[in-house]
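Next comes input_4.pdb, with PDB, C-alpha atoms.
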```
ATOM      1  CA  MET A   1       0.000   0.000   0.000
ATOM      2  CA  SER A   2       1.473   3.357  -1.055
ATOM      3  CA  GLU A   3       1.984   6.055   1.546
ATOM      4  CA  PRO A   4       0.002   9.305   1.290
ATOM      5  CA  ASP A   5       1.850  11.907  -0.742
ATOM      6  CA  THR A   6      -0.384  14.970  -0.490
ATOM      7  CA  TYR A   7      -1.135  17.422   2.290
ATOM      8  CA  ARG A   8      -3.119  20.628   2.668
ATOM      9  CA  THR A   9      -1.281  23.876   3.361
ATOM     10  CA  ILE A  10      -1.392  27.584   2.461
ATOM     11  CA  LYS A  11       0.080  29.016  -0.721
ATOM     12  CA  THR A  12       1.432  32.347   0.523
ATOM     13  CA  ALA A  13       1.588  34.440   3.684
ATOM     14  CA  SER A  14      -1.610  36.102   4.893
ATOM     15  CA  ASN A  15      -2.629  38.368   7.758
ATOM     16  CA  GLY A  16      -5.496  38.730  10.199
ATOM     17  CA  LEU A  17      -6.635  41.005  13.021
ATOM     18  CA  TYR A  18      -8.741  40.730  16.164
ATOM     19  CA  LYS A  19      -9.567  43.537  18.597
ATOM     20  CA  GLU A  20     -10.800  43.164  22.163
ATOM     21  CA  LYS A  21     -11.090  45.812  24.883
ATOM     22  CA  GLY A  22      -8.363  47.990  23.418
ATOM     23  CA  SER A  23      -5.925  45.152  22.715
ATOM     24  CA  ARG A  24      -5.036  44.374  19.096
ATOM     25  CA  PHE A  25      -4.027  40.885  18.051
ATOM     26  CA  VAL A  26      -2.236  41.048  14.696
ATOM     27  CA  SER A  27      -1.775  37.622  13.142
ATOM     28  CA  ALA A  28       0.382  36.301  10.320
ATOM     29  CA  ALA A  29       0.049  32.837   8.769
ATOM     30  CA  LEU A  30       2.995  31.675   6.689
ATOM     31  CA  PRO A  31       3.865  28.544   4.699
ATOM     32  CA  VAL A  32       6.995  26.812   6.040
ATOM     33  CA  SER A  33       8.625  23.473   5.283
ATOM     34  CA  GLU A  34      11.191  22.951   8.054
ATOM     35  CA  GLU A  35      11.949  24.115  11.583
ATOM     36  CA  SER A  36      15.091  26.033  10.566
ATOM     37  CA  GLU A  37      12.844  28.594   8.848
ATOM     38  CA  ILE A  38      10.841  29.407  11.986
ATOM     39  CA  LYS A  39      13.219  31.480  14.140
ATOM     40  CA  PRO A  40      14.229  34.010  11.435
ATOM     41  CA  ILE A  41      10.570  34.602  10.544
ATOM     42  CA  ILE A  42       9.623  35.222  14.184
ATOM     43  CA  GLU A  43      12.567  37.609  14.595
ATOM     44  CA  GLU A  44      11.415  39.591  11.559
ATOM     45  CA  ILE A  45       7.890  39.816  12.963
ATOM     46  CA  ARG A  46       9.264  40.968  16.332
ATOM     47  CA  LYS A  47      11.095  43.789  14.536
ATOM     48  CA  GLU A  48       8.053  44.711  12.471
ATOM     49  CA  HIS A  49       5.792  44.797  15.537
ATOM     50  CA  HIS A  50       8.421  45.976  18.023
ATOM     51  CA  GLU A  51       5.830  47.786  20.165
ATOM     52  CA  ALA A  52       3.743  44.653  20.680
ATOM     53  CA  ARG A  53       4.036  43.098  24.154
ATOM     54  CA  HIS A  54       3.760  39.433  23.113
ATOM     55  CA  HIS A  55       4.541  37.439  19.955
ATOM     56  CA  CYS A  56       2.857  34.091  20.480
ATOM     57  CA  TYR A  57       3.087  31.383  17.854
ATOM     58  CA  ALA A  58       2.480  27.806  16.847
ATOM     59  CA  TYR A  59       3.531  25.685  13.906
ATOM     60  CA  LEU A  60       2.710  22.291  12.464
ATOM     61  CA  LEU A  61       5.036  20.483  10.048
ATOM     62  CA  GLY A  62       5.148  17.235   8.113
ATOM     63  CA  ALA A  63       2.703  15.417   5.853
ATOM     64  CA  LYS A  64       1.440  13.533   8.912
ATOM     65  CA  GLN A  65       1.467  16.653  11.145
ATOM     66  CA  GLU A  66       4.157  15.003  13.258
ATOM     67  CA  ILE A  67       6.231  18.088  14.168
ATOM     68  CA  TRP A  68       4.688  20.908  16.164
ATOM     69  CA  ARG A  69       5.286  23.544  18.808
ATOM     70  CA  ALA A  70       3.163  26.087  20.642
ATOM     71  CA  ASN A  71       4.659  29.094  22.458
ATOM     72  CA  ASP A  72       2.817  31.505  24.792
ATOM     73  CA  ASP A  73       5.637  34.108  24.897
ATOM     74  CA  GLY A  74       4.822  35.299  28.410
ATOM     75  CA  GLU A  75       1.035  34.993  28.280
ATOM     76  CA  PRO A  76      -0.566  32.663  30.890
ATOM     77  CA  SER A  77       0.224  29.032  30.078
ATOM     78  CA  GLY A  78      -2.079  27.506  27.484
ATOM     79  CA  THR A  79      -3.852  30.753  26.557
ATOM     80  CA  ALA A  80      -2.064  31.571  23.291
ATOM     81  CA  GLY A  81       0.141  28.962  21.599
ATOM     82  CA  ARG A  82      -2.257  26.042  21.920
ATOM     83  CA  PRO A  83      -5.345  27.950  20.704
ATOM     84  CA  ILE A  84      -3.280  29.042  17.689
ATOM     85  CA  LEU A  85      -2.134  25.459  17.060
ATOM     86  CA  GLY A  86      -5.718  24.287  17.396
ATOM     87  CA  GLN A  87      -6.762  26.482  14.481
ATOM     88  CA  ILE A  88      -4.087  24.995  12.209
ATOM     89  CA  LYS A  89      -5.189  21.477  13.173
ATOM     90  CA  SER A  90      -8.914  22.138  12.845
ATOM     91  CA  ALA A  91      -8.330  23.549   9.356
ATOM     92  CA  GLY A  92      -6.586  20.297   8.419
ATOM     93  CA  LEU A  93      -3.399  22.118   7.460
ATOM     94  CA  THR A  94       0.297  21.429   7.896
ATOM     95  CA  ASN A  95       3.591  23.183   7.071
ATOM     96  CA  VAL A  96       2.081  26.348   8.522
ATOM     97  CA  LEU A  97       3.387  28.865  11.069
ATOM     98  CA  ILE A  98       1.087  31.393  12.732
ATOM     99  CA  VAL A  99       2.440  34.282  14.807
ATOM    100  CA  VAL A 100       0.071  36.554  16.748
ATOM    101  CA  SER A 101       1.494  39.854  18.024
ATOM    102  CA  ARG A 102      -0.482  41.451  20.857
ATOM    103  CA  TYR A 103      -0.622  45.181  21.441
ATOM    104  CA  PHE A 104      -1.869  45.507  25.022
ATOM    105  CA  GLY A 105      -4.812  47.858  25.420
ATOM    106  CA  GLY A 106      -4.676  48.297  29.198
ATOM    107  CA  THR A 107      -7.499  45.927  30.119
ATOM    108  CA  LEU A 108      -6.863  42.346  31.259
ATOM    109  CA  LEU A 109      -8.897  39.830  29.285
ATOM    110  CA  GLY A 110      -8.677  36.851  31.632
ATOM    111  CA  VAL A 111      -7.854  33.282  30.620
ATOM    112  CA  SER A 112     -10.980  32.641  28.566
ATOM    113  CA  GLY A 113     -10.713  36.048  26.899
ATOM    114  CA  LEU A 114      -7.110  35.431  25.883
ATOM    115  CA  ILE A 115      -7.882  31.957  24.520
ATOM    116  CA  ASN A 116     -10.694  33.380  22.411
ATOM    117  CA  ALA A 117      -8.595  36.305  21.213
ATOM    118  CA  TYR A 118      -5.611  34.249  20.080
ATOM    119  CA  ARG A 119      -7.845  31.577  18.552
ATOM    120  CA  THR A 120      -9.887  34.169  16.633
ATOM    121  CA  ALA A 121      -6.802  36.074  15.447
ATOM    122  CA  ALA A 122      -5.251  32.833  14.178
ATOM    123  CA  GLU A 123      -8.486  31.854  12.421
ATOM    124  CA  SER A 124      -8.615  35.307  10.830
ATOM    125  CA  SER A 125      -5.219  34.905   9.173
ATOM    126  CA  LEU A 126      -6.087  31.414   7.906
ATOM    127  CA  SER A 127      -9.437  32.526   6.495
ATOM    128  CA  ASN A 128      -7.561  35.128   4.430
ATOM    129  CA  ALA A 129      -5.082  32.540   3.117
ATOM    130  CA  GLU A 130      -5.341  30.574  -0.109
ATOM    131  CA  GLN A 131      -5.358  26.904   0.877
ATOM    132  CA  ILE A 132      -3.889  24.357  -1.529
ATOM    133  CA  ASP A 133      -3.233  20.631  -1.807
ATOM    134  CA  HIS A 134       0.503  20.019  -2.130
ATOM    135  CA  THR A 135       1.819  16.847  -3.747
ATOM    136  CA  ILE A 136       5.105  15.550  -2.323
ATOM    137  CA  HIS A 137       7.776  14.753  -4.913
ATOM    138  CA  GLU A 138      11.126  13.011  -4.534
ATOM    139  CA  TYR A 139      14.123  14.002  -6.635
ATOM    140  CA  TYR A 140      16.876  11.649  -7.797
ATOM    141  CA  VAL A 141      19.819  11.815 -10.174
ATOM    142  CA  ILE A 142      20.259   8.751 -12.381
ATOM    143  CA  ASN A 143      23.402   7.751 -14.278
ATOM    144  CA  TYR A 144      23.323   5.171 -17.051
ATOM    145  CA  PRO A 145      25.156   4.164 -20.252
ATOM    146  CA  TYR A 146      24.000   5.674 -23.545
ATOM    147  CA  ALA A 147      23.011   2.178 -24.724
ATOM    148  CA  ALA A 148      20.256   2.151 -22.067
ATOM    149  CA  MET A 149      18.714   5.424 -23.286
ATOM    150  CA  ASN A 150      15.607   3.851 -24.846
ATOM    151  CA  ASP A 151      14.837   1.799 -21.742
ATOM    152  CA  VAL A 152      15.233   4.848 -19.490
ATOM    153  CA  MET A 153      13.093   7.095 -21.667
ATOM    154  CA  LYS A 154      10.392   4.437 -21.904
ATOM    155  CA  ILE A 155      10.055   4.395 -18.100
ATOM    156  CA  ILE A 156      10.122   8.200 -17.888
ATOM    157  CA  LYS A 157       7.325   8.482 -20.443
ATOM    158  CA  GLU A 158       5.138   5.681 -19.058
ATOM    159  CA  GLU A 159       5.448   6.812 -15.435
ATOM    160  CA  GLU A 160       5.107  10.546 -16.288
ATOM    161  CA  ILE A 161       8.384  11.352 -14.552
ATOM    162  CA  GLY A 162       9.680  14.917 -14.481
ATOM    163  CA  GLN A 163      13.188  15.437 -15.848
ATOM    164  CA  SER A 164      15.820  18.184 -15.902
ATOM    165  CA  ASP A 165      19.596  18.729 -16.089
ATOM    166  CA  GLN A 166      20.041  16.196 -18.860
ATOM    167  CA  ILE A 167      23.489  15.167 -20.065
ATOM    168  CA  PHE A 168      23.504  12.741 -23.009
ATOM    169  CA  GLU A 169      26.982  11.333 -23.651
ATOM    170  CA  LEU A 170      28.553   7.865 -23.425
ATOM    171  CA  GLU A 171      27.552   8.099 -19.773
ATOM    172  CA  CYS A 172      24.232   9.887 -19.394
ATOM    173  CA  ARG A 173      22.801  11.722 -16.407
ATOM    174  CA  ILE A 174      19.304  13.062 -15.688
ATOM    175  CA  THR A 175      17.666  14.591 -12.628
ATOM    176  CA  ILE A 176      14.213  13.076 -12.246
ATOM    177  CA  SER A 177      11.226  13.743  -9.981
ATOM    178  CA  PHE A 178       8.077  11.784  -9.230
ATOM    179  CA  ARG A 179       5.281  11.518  -6.692
ATOM    180  CA  LEU A 180       6.315   9.985  -3.388
ATOM    181  CA  ALA A 181       3.618   7.312  -3.658
ATOM    182  CA  ALA A 182       5.181   6.025  -6.894
ATOM    183  CA  ARG A 183       8.690   5.631  -5.472
ATOM    184  CA  GLU A 184       8.833   1.834  -5.037
ATOM    185  CA  LYS A 185       7.409   1.058  -8.456
ATOM    186  CA  ILE A 186       9.627   3.526 -10.327
ATOM    187  CA  LEU A 187      12.882   2.680  -8.563
ATOM    188  CA  ALA A 188      12.176  -1.039  -9.034
ATOM    189  CA  ARG A 189      11.818  -0.481 -12.782
ATOM    190  CA  PHE A 190      15.039   1.530 -12.988
ATOM    191  CA  SER A 191      16.949  -1.050 -10.922
ATOM    192  CA  ARG A 192      16.347  -3.625 -13.656
ATOM    193  CA  ILE A 193      18.378  -1.586 -16.156
ATOM    194  CA  GLU A 194      21.971  -2.794 -16.296
ATOM    195  CA  ARG A 195      24.613  -0.339 -15.002
ATOM    196  CA  LEU A 196      22.006   2.270 -14.071
ATOM    197  CA  LYS A 197      22.642   3.963 -10.734
ATOM    198  CA  PHE A 198      20.329   6.343  -8.890
ATOM    199  CA  LYS A 199      21.010   8.703  -6.002
ATOM    200  CA  PHE A 200      18.417  10.410  -3.798
ATOM    201  CA  LEU A 201      18.623  14.217  -3.847
ATOM    202  CA  SER A 202      15.686  15.677  -1.932
ATOM    203  CA  VAL A 203      11.978  15.556  -1.138
ATOM    204  CA  ASN A 204       9.590  18.475  -1.479
TER     205      ASN A 204
END
```
Would it be possible to restate this file's structure as structure tokens?
Amino acid sequence: MSEPDTYRTIKTASNGLYKEKGSRFVSAALPVSEESEIKPIIEEIRKEHHEARHHCYAYLLGAKQEIWRANDDGEPSGTAGRPILGQIKSAGLTNVLIVVSRYFGGTLLGVSGLINAYRTAAESSLSNAEQIDHTIHEYYVINYPYAAMNDVMKIIKEEEIGQSDQIFELECRITISFRLAAREKILARFSRIERLKFKFLSVN
């Protein structure tokens, strides 16, 4: 049985806003693909909203939503990060970061008020985002003798494999890409070609 190779995410960054008793909750939802991207984005938002008192965030990564974090950034525990994360989950999205910057209006909102504010601000940014289904592709480079060209091209055509960076000489090389779910079938077919070698490059 092939593994799932699609997930739902957002296409580009989007913003939202929620106001409550003088406080403003400015939200930003952004597409991300790995944890190393998170910190620089948050730092940029801190600079942009340098007068905001809190910059609470949550993110969810991976096709199976297996990587996540929720941060309250000084707000009472559980009142900010988790409500934000809950909106990403309830929308069925992944590879998404939401940051909510709070400008304090002078009136305390209480635990339930904060939860509602951060949840609503997060939902606002997601409702303004274009949601898309992303198909996961794997990329490989294959090397093979020129004599195997017809066999290689036959597989590429029949399996609708993407190709780039082609070098056709006595020893040929092509970068190929295909859906994750087709990996076993395609690599099995290539492995039957004599003197063909393949090397994994990346997944996206």
Within 9 Å of Ile174 in chain A, counting all atoms listed in the file, which residues qualify if same-chain residues fewer than 2 places away don't, as number ranges by chain? A: 140-144, 163-168, 172, 176
Using only C-alpha atoms, determine which residues lie at most 9 Å from Ile193 in chain A, disregarding the query and same-chain residues fewer than 5 positions distant; provide the list as a list in words.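 Near neighbours after the sequence-gap exclusion: Tyr144, Ala148, Asp151 and Val152 of chain A.
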Give me, please, the distance in Å between CA of Gln131 in chain A and CA of Gly86 in chain A, quoted to one decimal.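 For CA of Gln131 in chain A relative to CA of Gly86 in chain A, the distance reads 16.7 Å.
Counting only C-alpha atoms, range 11-23 of chain A has the following residues at most 6 Å away, ignoring those fewer than 5 positions along the same chain: Ala28, Ala29, Leu30, Tyr103, Phe104, Gly105, Ala121, Ser124, Ser125, Ala129 and Glu130 of chain A.
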If you count all atoms listed in the file, which residues fall within 12 Å of Ile38 in chain A, apart from same-chain ones fewer than 2 positions away, as a ChimeraX atom specification? /A:29-36,40-45,57-61,68-69,95-99
Can I get the selected residues back with C-alpha atoms, as a compact mmCIF listing (two decimals), keeping the file's coordinate frame?
```txt
# COMPACT_ATOMS: atom_id res chain seq x y z
CA ALA A 29 0.05 32.84 8.77
CA LEU A 30 3.00 31.68 6.69
CA PRO A 31 3.86 28.54 4.70
CA VAL A 32 7.00 26.81 6.04
CA SER A 33 8.62 23.47 5.28
CA GLU A 34 11.19 22.95 8.05
CA GLU A 35 11.95 24.12 11.58
CA SER A 36 15.09 26.03 10.57
CA PRO A 40 14.23 34.01 11.44
CA ILE A 41 10.57 34.60 10.54
CA ILE A 42 9.62 35.22 14.18
CA GLU A 43 12.57 37.61 14.60
CA GLU A 44 11.42 39.59 11.56
CA ILE A 45 7.89 39.82 12.96
CA TYR A 57 3.09 31.38 17.85
CA ALA A 58 2.48 27.81 16.85
CA TYR A 59 3.53 25.68 13.91
CA LEU A 60 2.71 22.29 12.46
CA LEU A 61 5.04 20.48 10.05
CA TRP A 68 4.69 20.91 16.16
CA ARG A 69 5.29 23.54 18.81
CA ASN A 95 3.59 23.18 7.07
CA VAL A 96 2.08 26.35 8.52
CA LEU A 97 3.39 28.86 11.07
CA ILE A 98 1.09 31.39 12.73
CA VAL A 99 2.44 34.28 14.81
```
All residues 9 Å or closer to Ser101 in chain A, only C-alpha atoms, same chain fewer than 3 positions away omitted, as an mmCIF file with C-alpha atoms, in the coordinates of the input:
```cif
data_model
loop_
_atom_site.group_PDB
_atom_site.id
_atom_site.type_symbol
_atom_site.label_atom_id
_atom_site.label_comp_id
_atom_site.auth_asym_id
_atom_site.auth_seq_id
_atom_site.Cartn_x
_atom_site.Cartn_y
_atom_site.Cartn_z
ATOM 1 C CA ARG A 24 -5.036 44.374 19.096
ATOM 2 C CA PHE A 25 -4.027 40.885 18.051
ATOM 3 C CA VAL A 26 -2.236 41.048 14.696
ATOM 4 C CA SER A 27 -1.775 37.622 13.142
ATOM 5 C CA ALA A 28 0.382 36.301 10.320
ATOM 6 C CA ILE A 45 7.890 39.816 12.963
ATOM 7 C CA ARG A 46 9.264 40.968 16.332
ATOM 8 C CA HIS A 49 5.792 44.797 15.537
ATOM 9 C CA ALA A 52 3.743 44.653 20.680
ATOM 10 C CA ARG A 53 4.036 43.098 24.154
ATOM 11 C CA HIS A 54 3.760 39.433 23.113
ATOM 12 C CA HIS A 55 4.541 37.439 19.955
ATOM 13 C CA CYS A 56 2.857 34.091 20.480
ATOM 14 C CA TYR A 57 3.087 31.383 17.854
#
```
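Between CA of Val111 in chain A and CA of Thr79 in chain A the separation is 6.2 Å.
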Report as an NGL selection string the full result of the PyMOL selection byres ((chain A and resi 202) around 12) when it is applied to this structure. :A and (136-141 or 175-178 or 180 or 199-201 or 203-204)
Point-to-point distance in Å for CA of His134 in chain A and CA of Ser191 in chain A: 28.1 Å
Taking all atoms of range 6-10 of chain A that the file lists and extending 5 Å past them on each side, where is the centre of the axis-aligned box and how long are its edges? Answer in Å to one decimal, as lines of an AutoDock Vina configuration file.
```
center_x = -1.8
center_y = 21.3
center_z = 1.4
size_x = 12.7
size_y = 22.6
size_z = 13.9
```
Using all atoms listed in the file - which residues lie no farther than 8 Å from the point (-4.2, 18.4, 4.5) in the file's frame? Write them as a PyMOL selection string. chain A and resi 6-9+63+92-94+133
Please save C-alpha atoms of the selected residues as a compact mmCIF listing (two decimals), keeping the file's coordinate frame.
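selection_10.txt, freshly written:
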```txt
# COMPACT_ATOMS: atom_id res chain seq x y z
CA THR A 6 -0.38 14.97 -0.49
CA TYR A 7 -1.14 17.42 2.29
CA ARG A 8 -3.12 20.63 2.67
CA THR A 9 -1.28 23.88 3.36
CA ALA A 63 2.70 15.42 5.85
CA GLY A 92 -6.59 20.30 8.42
CA LEU A 93 -3.40 22.12 7.46
CA THR A 94 0.30 21.43 7.90
CA ASP A 133 -3.23 20.63 -1.81
```
Dump as a list in words all residues having an atom at most 12 Å from (0.9, 32.5, 31.9), computed in the file's coordinates with all atoms listed in the file.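 Those residues, ordered by chain and then number, are His54, Cys56, Asn71, Asp72, Asp73, Gly74, Glu75, Pro76, Ser77, Gly78, Thr79, Ala80, Gly81, Gly110, Val111, Leu114 and Ile115 of chain A.
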Nearest to Ser90 in chain A among A:Thr107, A:Gln65, A:Asn150, A:Asn116, with distances taken over all atoms listed in the file: which residue is it? A:Gln65
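Taking all atoms listed in the file into account, Ala188 in chain A lies nearest to A:Ile155 out of the set A:Val100, A:Ile67, A:Ile155, A:Ala117.
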